[in-house]
>>> print(open('run.tsv').read())   # TSV, C-alpha atoms
chain	number	residue	atom	x	y	z
A	1	MET	CA	-151.66	128.39	220.96
A	2	ALA	CA	-152.90	129.32	217.47
A	3	LYS	CA	-149.72	131.31	216.83
A	4	GLU	CA	-147.60	128.32	217.81
A	5	VAL	CA	-149.56	126.05	215.46
A	6	ASN	CA	-149.20	128.53	212.59
A	7	ALA	CA	-145.48	128.90	213.30
A	8	LEU	CA	-145.10	125.12	213.23
A	9	LYS	CA	-146.97	124.89	209.90
A	10	GLU	CA	-144.77	127.60	208.41
A	11	ALA	CA	-141.64	125.79	209.57
A	12	LEU	CA	-142.83	122.53	208.03
A	13	ASN	CA	-143.75	124.17	204.72
A	14	LYS	CA	-140.59	126.25	204.49
A	15	PRO	CA	-138.07	124.77	202.03
A	16	LYS	CA	-134.78	123.69	203.57
A	17	GLN	CA	-131.64	125.60	202.68
A	18	ILE	CA	-128.81	123.67	201.03
A	19	ASP	CA	-126.62	123.97	204.14
A	20	GLU	CA	-129.45	122.52	206.24
A	21	ILE	CA	-129.73	119.54	203.89
A	22	LEU	CA	-125.98	119.00	204.00
A	23	ASP	CA	-125.88	119.18	207.81
A	24	GLU	CA	-128.75	116.73	208.08
A	25	GLN	CA	-127.05	114.36	205.62
A	26	ILE	CA	-123.86	114.49	207.69
A	27	GLN	CA	-125.69	113.90	210.96
A	28	THR	CA	-127.76	111.06	209.49
A	29	GLY	CA	-124.63	109.46	208.04
A	30	LEU	CA	-122.76	109.79	211.33
A	31	ARG	CA	-125.60	108.07	213.20
A	32	GLU	CA	-125.10	105.05	210.95
A	33	TYR	CA	-121.37	105.01	211.72
A	34	LYS	CA	-122.18	104.97	215.44
A	35	ARG	CA	-124.51	101.96	215.18
A	36	SER	CA	-123.18	98.54	216.06
A	37	ASN	CA	-122.09	96.27	213.22
A	38	GLN	CA	-124.78	93.78	214.22
A	39	ALA	CA	-127.55	96.40	214.07
A	40	LEU	CA	-126.35	97.61	210.66
A	41	PHE	CA	-126.16	94.09	209.27
A	42	LEU	CA	-129.62	93.12	210.53
A	43	SER	CA	-131.12	96.34	209.16
A	44	ALA	CA	-129.43	95.65	205.81
A	45	ILE	CA	-130.87	92.12	205.72
A	46	SER	CA	-134.29	93.64	206.41
A	47	ALA	CA	-133.82	96.05	203.47
A	48	GLY	CA	-132.81	93.18	201.18
A	49	LEU	CA	-135.98	91.36	202.10
A	50	GLU	CA	-138.26	94.39	201.83
A	51	VAL	CA	-137.00	95.61	198.47
A	52	GLY	CA	-137.77	92.13	197.14
A	53	PHE	CA	-141.46	93.03	197.17
A	54	SER	CA	-140.77	95.17	194.10
A	55	VAL	CA	-139.69	92.01	192.28
A	56	PHE	CA	-142.70	90.11	193.64
A	57	LEU	CA	-145.13	92.75	192.37
A	58	MET	CA	-143.41	93.05	188.99
A	59	ALA	CA	-143.42	89.27	188.50
A	60	THR	CA	-147.11	89.11	189.41
A	61	ILE	CA	-147.98	91.85	186.91
A	62	TYR	CA	-145.82	90.19	184.25
A	63	SER	CA	-147.60	86.85	184.81
A	64	LEU	CA	-151.03	88.46	184.56
A	65	PHE	CA	-150.49	90.69	181.52
A	66	ASN	CA	-147.65	89.24	179.42
A	67	GLY	CA	-149.11	88.42	176.01
A	68	VAL	CA	-152.39	90.09	176.95
A	69	ILE	CA	-151.45	93.74	176.56
A	70	HIS	CA	-148.92	95.52	174.36
A	71	PRO	CA	-145.29	95.07	175.58
A	72	SER	CA	-144.79	98.84	175.93
A	73	ILE	CA	-147.80	99.10	178.25
A	74	LEU	CA	-146.54	96.12	180.25
A	75	HIS	CA	-143.16	97.83	180.55
A	76	VAL	CA	-144.81	100.95	182.02
A	77	LEU	CA	-146.82	98.84	184.49
A	78	LEU	CA	-143.63	97.12	185.66
A	79	ALA	CA	-141.98	100.52	186.14
A	80	ILE	CA	-144.94	101.68	188.24
A	81	ALA	CA	-144.55	98.56	190.40
A	82	TYR	CA	-140.79	99.05	190.81
A	83	PRO	CA	-140.94	101.66	193.66
A	84	LEU	CA	-142.90	99.49	196.13
A	85	GLY	CA	-139.93	97.89	197.89
A	86	PHE	CA	-138.03	101.20	197.99
A	87	ILE	CA	-140.95	102.84	199.79
A	88	PHE	CA	-140.84	100.08	202.41
A	89	VAL	CA	-137.08	100.48	202.82
A	90	VAL	CA	-136.67	104.27	202.80
A	91	ILE	CA	-139.74	105.18	204.87
A	92	GLY	CA	-139.07	102.22	207.19
A	93	LYS	CA	-135.44	103.38	207.72
A	94	SER	CA	-133.75	100.14	206.71
A	95	GLU	CA	-130.21	100.27	205.33
A	96	LEU	CA	-129.93	100.10	201.54
A	97	PHE	CA	-126.50	100.01	199.92
A	98	THR	CA	-127.33	102.37	197.05
A	99	GLU	CA	-128.43	105.07	199.51
A	100	HIS	CA	-125.16	104.73	201.37
A	101	THR	CA	-123.09	105.36	198.25
A	102	THR	CA	-123.97	108.97	198.99
A	103	LEU	CA	-125.14	109.15	202.61
A	104	SER	CA	-122.07	107.48	204.12
A	105	VAL	CA	-119.57	109.26	201.88
A	106	ILE	CA	-120.49	112.82	202.86
A	107	PRO	CA	-119.20	112.43	206.47
A	108	VAL	CA	-115.92	111.17	204.99
A	109	LEU	CA	-115.68	114.21	202.72
A	110	ASN	CA	-116.40	116.36	205.78
A	111	ARG	CA	-113.64	114.52	207.69
A	112	ASN	CA	-116.02	113.20	210.33
A	113	ALA	CA	-115.40	109.58	209.31
A	114	THR	CA	-112.53	107.60	207.80
A	115	ILE	CA	-112.31	105.67	204.55
A	116	LYS	CA	-111.71	102.48	206.57
A	117	SER	CA	-114.97	102.95	208.50
A	118	LEU	CA	-116.74	103.72	205.21
A	119	LEU	CA	-115.56	100.45	203.64
A	120	ILE	CA	-116.64	98.49	206.73
A	121	LEU	CA	-120.10	100.10	206.65
A	122	TRP	CA	-120.44	99.50	202.92
A	123	GLY	CA	-119.38	95.88	203.33
A	124	LEU	CA	-121.89	95.20	206.10
A	125	VAL	CA	-124.79	96.88	204.29
A	126	TYR	CA	-123.99	95.34	200.91
A	127	ALA	CA	-123.59	91.83	202.33
A	128	GLY	CA	-126.79	92.17	204.37
A	129	ASN	CA	-128.76	93.44	201.36
A	130	LEU	CA	-127.56	90.55	199.21
A	131	LEU	CA	-128.26	87.96	201.89
A	132	GLY	CA	-131.80	89.26	202.44
A	133	GLY	CA	-132.32	89.39	198.68
A	134	TYR	CA	-131.08	85.81	198.19
A	135	PHE	CA	-133.51	84.54	200.81
A	136	PHE	CA	-136.42	86.48	199.31
A	137	GLY	CA	-135.41	85.29	195.84
A	138	TYR	CA	-135.50	81.68	197.01
A	139	ILE	CA	-139.00	82.24	198.42
A	140	LEU	CA	-140.09	83.76	195.11
A	141	SER	CA	-138.73	80.77	193.19
A	142	VAL	CA	-140.80	78.31	195.25
A	143	LEU	CA	-143.93	79.74	196.87
A	144	PRO	CA	-145.76	81.98	194.33
A	145	GLU	CA	-145.84	79.33	191.60
A	146	ARG	CA	-147.39	76.82	194.00
A	147	LEU	CA	-149.99	79.45	194.90
A	148	ASN	CA	-150.67	79.99	191.17
A	149	ALA	CA	-149.76	83.66	191.65
A	150	ILE	CA	-146.66	83.84	189.46
A	151	ASP	CA	-145.45	81.90	186.45
A	152	ASN	CA	-141.77	81.09	187.02
A	153	GLY	CA	-141.10	82.14	183.43
A	154	ALA	CA	-141.90	85.68	184.56
A	155	PHE	CA	-138.58	85.96	186.37
A	156	TYR	CA	-136.65	85.18	183.20
A	157	GLY	CA	-138.81	87.64	181.28
A	158	ILE	CA	-137.94	90.38	183.76
A	159	ALA	CA	-134.25	89.51	184.17
A	160	LYS	CA	-133.27	89.00	180.55
A	161	LYS	CA	-133.33	92.76	179.91
A	162	LEU	CA	-130.55	93.09	182.50
A	163	ILE	CA	-128.15	90.40	181.28
A	164	ASP	CA	-128.02	90.92	177.51
A	165	HIS	CA	-125.45	93.72	177.62
A	166	PRO	CA	-121.65	94.10	177.53
A	167	TRP	CA	-119.87	95.21	180.70
A	168	TYR	CA	-119.54	98.87	179.72
A	169	ILE	CA	-123.28	99.21	179.10
A	170	ILE	CA	-124.07	97.70	182.51
A	171	LEU	CA	-121.47	99.97	184.11
A	172	GLY	CA	-122.97	103.08	182.48
A	173	SER	CA	-126.48	101.98	183.37
A	174	GLY	CA	-125.35	101.36	186.96
A	175	ILE	CA	-123.82	104.84	187.14
A	176	LEU	CA	-127.14	106.40	186.15
A	177	ALA	CA	-129.03	104.26	188.69
A	178	GLY	CA	-126.51	105.12	191.44
A	179	TRP	CA	-126.78	108.80	190.52
A	180	LEU	CA	-130.57	108.63	190.86
A	181	MET	CA	-130.35	106.77	194.19
A	182	GLY	CA	-127.92	109.36	195.50
A	183	LEU	CA	-130.35	112.09	194.49
A	184	LEU	CA	-133.09	110.12	196.22
A	185	SER	CA	-131.13	110.20	199.47
A	186	TRP	CA	-130.52	113.95	199.11
A	187	LEU	CA	-134.12	114.81	198.16
A	188	VAL	CA	-135.65	112.65	200.88
A	189	THR	CA	-133.56	114.61	203.38
A	190	SER	CA	-134.82	117.89	201.92
A	191	SER	CA	-138.47	116.76	202.23
A	192	GLN	CA	-140.48	117.71	205.29
A	193	ASP	CA	-143.22	115.09	205.41
A	194	THR	CA	-143.81	111.42	204.69
A	195	LEU	CA	-146.17	111.98	201.75
A	196	SER	CA	-143.60	114.14	199.95
A	197	ARG	CA	-140.96	111.49	200.53
A	198	ILE	CA	-143.19	108.76	199.10
A	199	VAL	CA	-143.80	110.89	195.98
A	200	ILE	CA	-140.05	111.46	195.55
A	201	ILE	CA	-139.25	107.77	196.04
A	202	THR	CA	-141.92	106.79	193.52
A	203	LEU	CA	-140.80	109.30	190.89
A	204	ILE	CA	-137.08	108.52	191.11
A	205	THR	CA	-137.23	104.73	191.36
A	206	SER	CA	-139.84	104.48	188.61
A	207	VAL	CA	-137.32	106.24	186.35
A	208	ILE	CA	-134.86	103.44	187.18
A	209	GLY	CA	-137.56	100.91	186.35
A	210	ILE	CA	-138.80	102.43	183.13
A	211	GLY	CA	-135.24	103.07	181.95
A	212	GLY	CA	-134.24	99.46	182.63
A	213	LEU	CA	-131.26	100.71	184.66
A	214	HIS	CA	-129.11	98.37	186.73
A	215	HIS	CA	-129.67	98.55	190.48
A	216	SER	CA	-127.27	96.28	192.34
A	217	ILE	CA	-129.76	95.11	194.98
A	218	VAL	CA	-133.06	94.85	193.12
A	219	GLY	CA	-131.21	93.59	190.05
A	220	SER	CA	-129.48	90.97	192.21
A	221	ILE	CA	-132.86	89.61	193.28
A	222	GLU	CA	-134.21	89.68	189.73
A	223	VAL	CA	-131.28	87.82	188.18
A	224	PHE	CA	-130.73	85.48	191.15
A	225	THR	CA	-134.38	84.40	191.17
A	226	ALA	CA	-134.31	83.91	187.40
A	227	SER	CA	-131.21	81.73	187.76
A	228	LEU	CA	-133.15	79.50	190.16
A	229	THR	CA	-136.14	79.18	187.84
A	230	SER	CA	-134.56	79.11	184.38
A	231	VAL	CA	-131.62	77.24	182.87
A	232	LYS	CA	-131.13	80.16	180.47
A	233	ILE	CA	-129.53	82.27	183.21
A	234	THR	CA	-126.35	81.03	184.87
A	235	TRP	CA	-124.16	82.15	187.75
A	236	VAL	CA	-121.78	83.60	185.19
A	237	ASN	CA	-124.61	85.86	184.00
A	238	TYR	CA	-125.38	86.81	187.59
A	239	LEU	CA	-121.79	87.67	188.51
A	240	HIS	CA	-121.31	89.62	185.28
A	241	VAL	CA	-124.33	91.82	185.95
A	242	GLN	CA	-123.75	92.14	189.69
A	243	THR	CA	-120.11	93.17	189.45
A	244	TRP	CA	-120.53	95.95	186.93
A	245	ALA	CA	-123.88	97.17	188.33
A	246	THR	CA	-122.36	97.48	191.81
A	247	LEU	CA	-119.32	99.39	190.54
A	248	GLY	CA	-121.57	101.68	188.50
A	249	ASN	CA	-123.86	102.37	191.47
A	250	ILE	CA	-120.86	103.32	193.60
A	251	ILE	CA	-119.48	105.70	190.97
A	252	GLY	CA	-122.88	107.30	190.36
A	253	GLY	CA	-123.65	107.88	194.04
A	254	VAL	CA	-120.16	108.99	195.09
A	255	VAL	CA	-119.04	111.13	192.16
A	256	PHE	CA	-122.25	112.64	190.80
A	257	VAL	CA	-124.06	113.23	194.09
A	258	ALA	CA	-121.89	113.00	197.23
A	259	PHE	CA	-118.85	114.82	195.82
A	260	LEU	CA	-120.69	117.40	193.71
A	261	LYS	CA	-123.38	118.18	196.29
A	262	PHE	CA	-120.85	118.39	199.10
A	263	SER	CA	-118.56	120.64	197.08
A	264	HIS	CA	-121.43	122.90	196.05
A	265	ALA	CA	-122.97	123.11	199.55
A	266	ASN	CA	-119.58	123.61	201.20
A	267	GLN	CA	-118.75	126.43	198.80
A	268	HIS	CA	-122.14	127.99	199.54
A	269	ASN	CA	-121.41	127.89	203.28
A	270	LYS	CA	-118.00	129.49	202.82
A	271	HIS	CA	-119.49	132.26	200.68
A	272	TYR	CA	-122.25	132.87	203.26
A	273	ILE	CA	-119.79	133.05	206.17
A	274	SER	CA	-117.53	135.35	204.18
A	275	SER	CA	-120.43	137.73	203.46
A	276	LEU	CA	-121.33	137.81	207.15
A	277	ASN	CA	-117.76	138.65	208.12
A	278	LYS	CA	-117.71	141.57	205.65
A	279	LYS	CA	-120.80	142.98	207.29
>>> encode(input="run.tsv", output="structure tokens")
Amino acid sequence: MAKEVNALKEALNKPKQIDEILDEQIQTGLREYKRSNQALFLSAISAGLEVGFSVFLMATIYSLFNGVIHPSILHVLLAIAYPLGFIFVVIGKSELFTEHTTLSVIPVLNRNATIKSLLILWGLVYAGNLLGGYFFGYILSVLPERLNAIDNGAFYGIAKKLIDHPWYIILGSGILAGWLMGLLSWLVTSSQDTLSRIVIITLITSVIGIGGLHHSIVGSIEVFTASLTSVKITWVNYLHVQTWATLGNIIGGVVFVAFLKFSHANQHNKHYISSLNKK
């Protein structure tokens, strides 16, 4: 019995090989393709709601400390708060669009899924995330102020850093955020236990927060809620940010993670098989 326990501990502590990570990514992605459209959509709505708690926590911190502490310290506190909703989503296995810019693409690159099925999956997850985020944003615009928990001006204070940029800056920022989210998907797969996954989620998403990068789902909630609570932000502002952030997230996740990681891992597998055949 003791030997079996030790063997299990060794297996859990042993780092995964790159081909193991790739295989697990493919299998995880394929499971999502096999789910019903209704299940995917409902899970995506759940993710849109859950990730909204990042915005709730950031707005609460902003209301408490804006004008009280130095802006740079406040910025760091907001970045620390940013990962909360992602922890809920990733550990809770809800469907987040920016994870699927990598996770759902790898089965297509491996020819286990079609581009048509990819676009359908993306559409369902993206629409569900936005719908859940809109509902949570509406709640944020009404309830917290009446509970004296959040000053509605906090939402404008948080969102203004996202809207005051030309399209190419938002696109570039979105690419970096999508790249990081794709790495998050890959690294979470490589992790063996929940604690390690939480640490990875916190580290990566806090980089998005502290860098002020454009995430198409969290940013949607931030700007949408600000548009409900401030006349300074319009639907034109929202659509401008959302369009370019979404495109950037897709490019970052697909090109810099899915394609490069798949190509690298696939080449590694071919080299390994070739070396075995020579033996």
>>> closest_residue(input="run.tsv", among="A:Val125, A:Met181, A:Ile163, A:Leu22", to="Asn237 (chain A)", atoms="all atoms listed in the file")
A:Ile163
>>> residues_around(input="run.tsv", residues="Ser94 (chain A)", least_positions_apart="6", cutoff="12 Å", atoms="only C-alpha atoms", output="PyMOL selection string")
chain A and resi 32+39-51+85-88+100+125+128-129+132
>>> atom_distance(input="run.tsv", atom1="CA of Gly211 (chain A)", atom2="CA of Thr98 (chain A)")
17.1 Å
>>> residues_around(input="run.tsv", residues="region 71-83 of chain A", least_positions_apart="5", cutoff="6 Å", atoms="all atoms listed in the file", output="short mmCIF file (atom, residue, chain, number, x, y, z; two decimals) with C-alpha atoms, keeping the file's coordinate frame")
data_model
loop_
_atom_site.label_atom_id
_atom_site.label_comp_id
_atom_site.auth_asym_id
_atom_site.auth_seq_id
_atom_site.Cartn_x
_atom_site.Cartn_y
_atom_site.Cartn_z
CA SER A 54 -140.77 95.17 194.10
CA MET A 58 -143.41 93.05 188.99
CA THR A 202 -141.92 106.79 193.52
CA THR A 205 -137.23 104.73 191.36
CA SER A 206 -139.84 104.48 188.61
CA GLY A 209 -137.56 100.91 186.35
CA ILE A 210 -138.80 102.43 183.13
#
>>> atom_distance(input="run.tsv", atom1="CA of Glu20 (chain A)", atom2="CA of Thr189 (chain A)")
9.4 Å
>>> closest_residue(input="run.tsv", among="A:Ile201, A:Ile175, A:Ile158, A:Leu180", to="Ser227 (chain A)", atoms="only C-alpha atoms")
A:Ile158
>>> atom_distance(input="run.tsv", atom1="CA of Asn249 (chain A)", atom2="CA of Phe97 (chain A)")
9.2 Å
>>> axis_aligned_box(input="run.tsv", around="region 81-85 of chain A", padding_each_side="8 Å", output="lines of an AutoDock Vina configuration file")
center_x = -142.2
center_y = 99.8
center_z = 194.1
size_x = 20.6
size_y = 19.8
size_z = 23.5
>>> closest_residue(input="run.tsv", among="A:Ile21, A:Ala59, A:Ala154, A:Leu103", to="Ser190 (chain A)", atoms="all atoms listed in the file")
A:Ile21
>>> closest_residue(input="run.tsv", among="A:Ile200, A:Ile250, A:Leu213, A:Leu183", to="Leu119 (chain A)", atoms="all atoms listed in the file")
A:Ile250
>>> closest_residue(input="run.tsv", among="A:Glu222, A:Asp164, A:Glu145, A:Glu99", to="Val188 (chain A)", atoms="all atoms listed in the file")
A:Glu99
>>> residues_near_point(input="run.tsv", point="(-117.2, 101.3, 205.1)", cutoff="12 Å", atoms="all atoms listed in the file", output="PyMOL selection string")
chain A and resi 29-30+32-33+37+40+97+100-105+107-108+113-127
>>> residues_around(input="run.tsv", residues="Val223 (chain A)", least_positions_apart="6", cutoff="9 Å", atoms="all atoms listed in the file", output="JSON, numbers by chain")
{"A": [155, 156, 158, 159, 160, 162, 163, 233, 237, 238, 241, 242]}
>>> residues_around(input="run.tsv", residues="Thr194 (chain A)", least_positions_apart="4", cutoff="9 Å", atoms="all atoms listed in the file", output="PyMOL selection string")
chain A and resi 91+198-199
>>> residues_near_point(input="run.tsv", point="(-120.8, 115.4, 193.3)", cutoff="12 Å", atoms="all atoms listed in the file", output="CSV table (one decimal) with C-alpha atoms, keeping the file's coordinate frame")
chain,number,residue,atom,x,y,z
A,101,THR,CA,-123.1,105.4,198.2
A,102,THR,CA,-124.0,109.0,199.0
A,105,VAL,CA,-119.6,109.3,201.9
A,106,ILE,CA,-120.5,112.8,202.9
A,109,LEU,CA,-115.7,114.2,202.7
A,178,GLY,CA,-126.5,105.1,191.4
A,179,TRP,CA,-126.8,108.8,190.5
A,182,GLY,CA,-127.9,109.4,195.5
A,183,LEU,CA,-130.4,112.1,194.5
A,186,TRP,CA,-130.5,114.0,199.1
A,251,ILE,CA,-119.5,105.7,191.0
A,252,GLY,CA,-122.9,107.3,190.4
A,253,GLY,CA,-123.6,107.9,194.0
A,254,VAL,CA,-120.2,109.0,195.1
A,255,VAL,CA,-119.0,111.1,192.2
A,256,PHE,CA,-122.2,112.6,190.8
A,257,VAL,CA,-124.1,113.2,194.1
A,258,ALA,CA,-121.9,113.0,197.2
A,259,PHE,CA,-118.8,114.8,195.8
A,260,LEU,CA,-120.7,117.4,193.7
A,261,LYS,CA,-123.4,118.2,196.3
A,262,PHE,CA,-120.8,118.4,199.1
A,263,SER,CA,-118.6,120.6,197.1
A,264,HIS,CA,-121.4,122.9,196.0
A,265,ALA,CA,-123.0,123.1,199.6
A,266,ASN,CA,-119.6,123.6,201.2
>>> closest_residue(input="run.tsv", among="A:Ser173, A:Ser185, A:Gln17, A:Gln25", to="Lys161 (chain A)", atoms="only C-alpha atoms")
A:Ser173
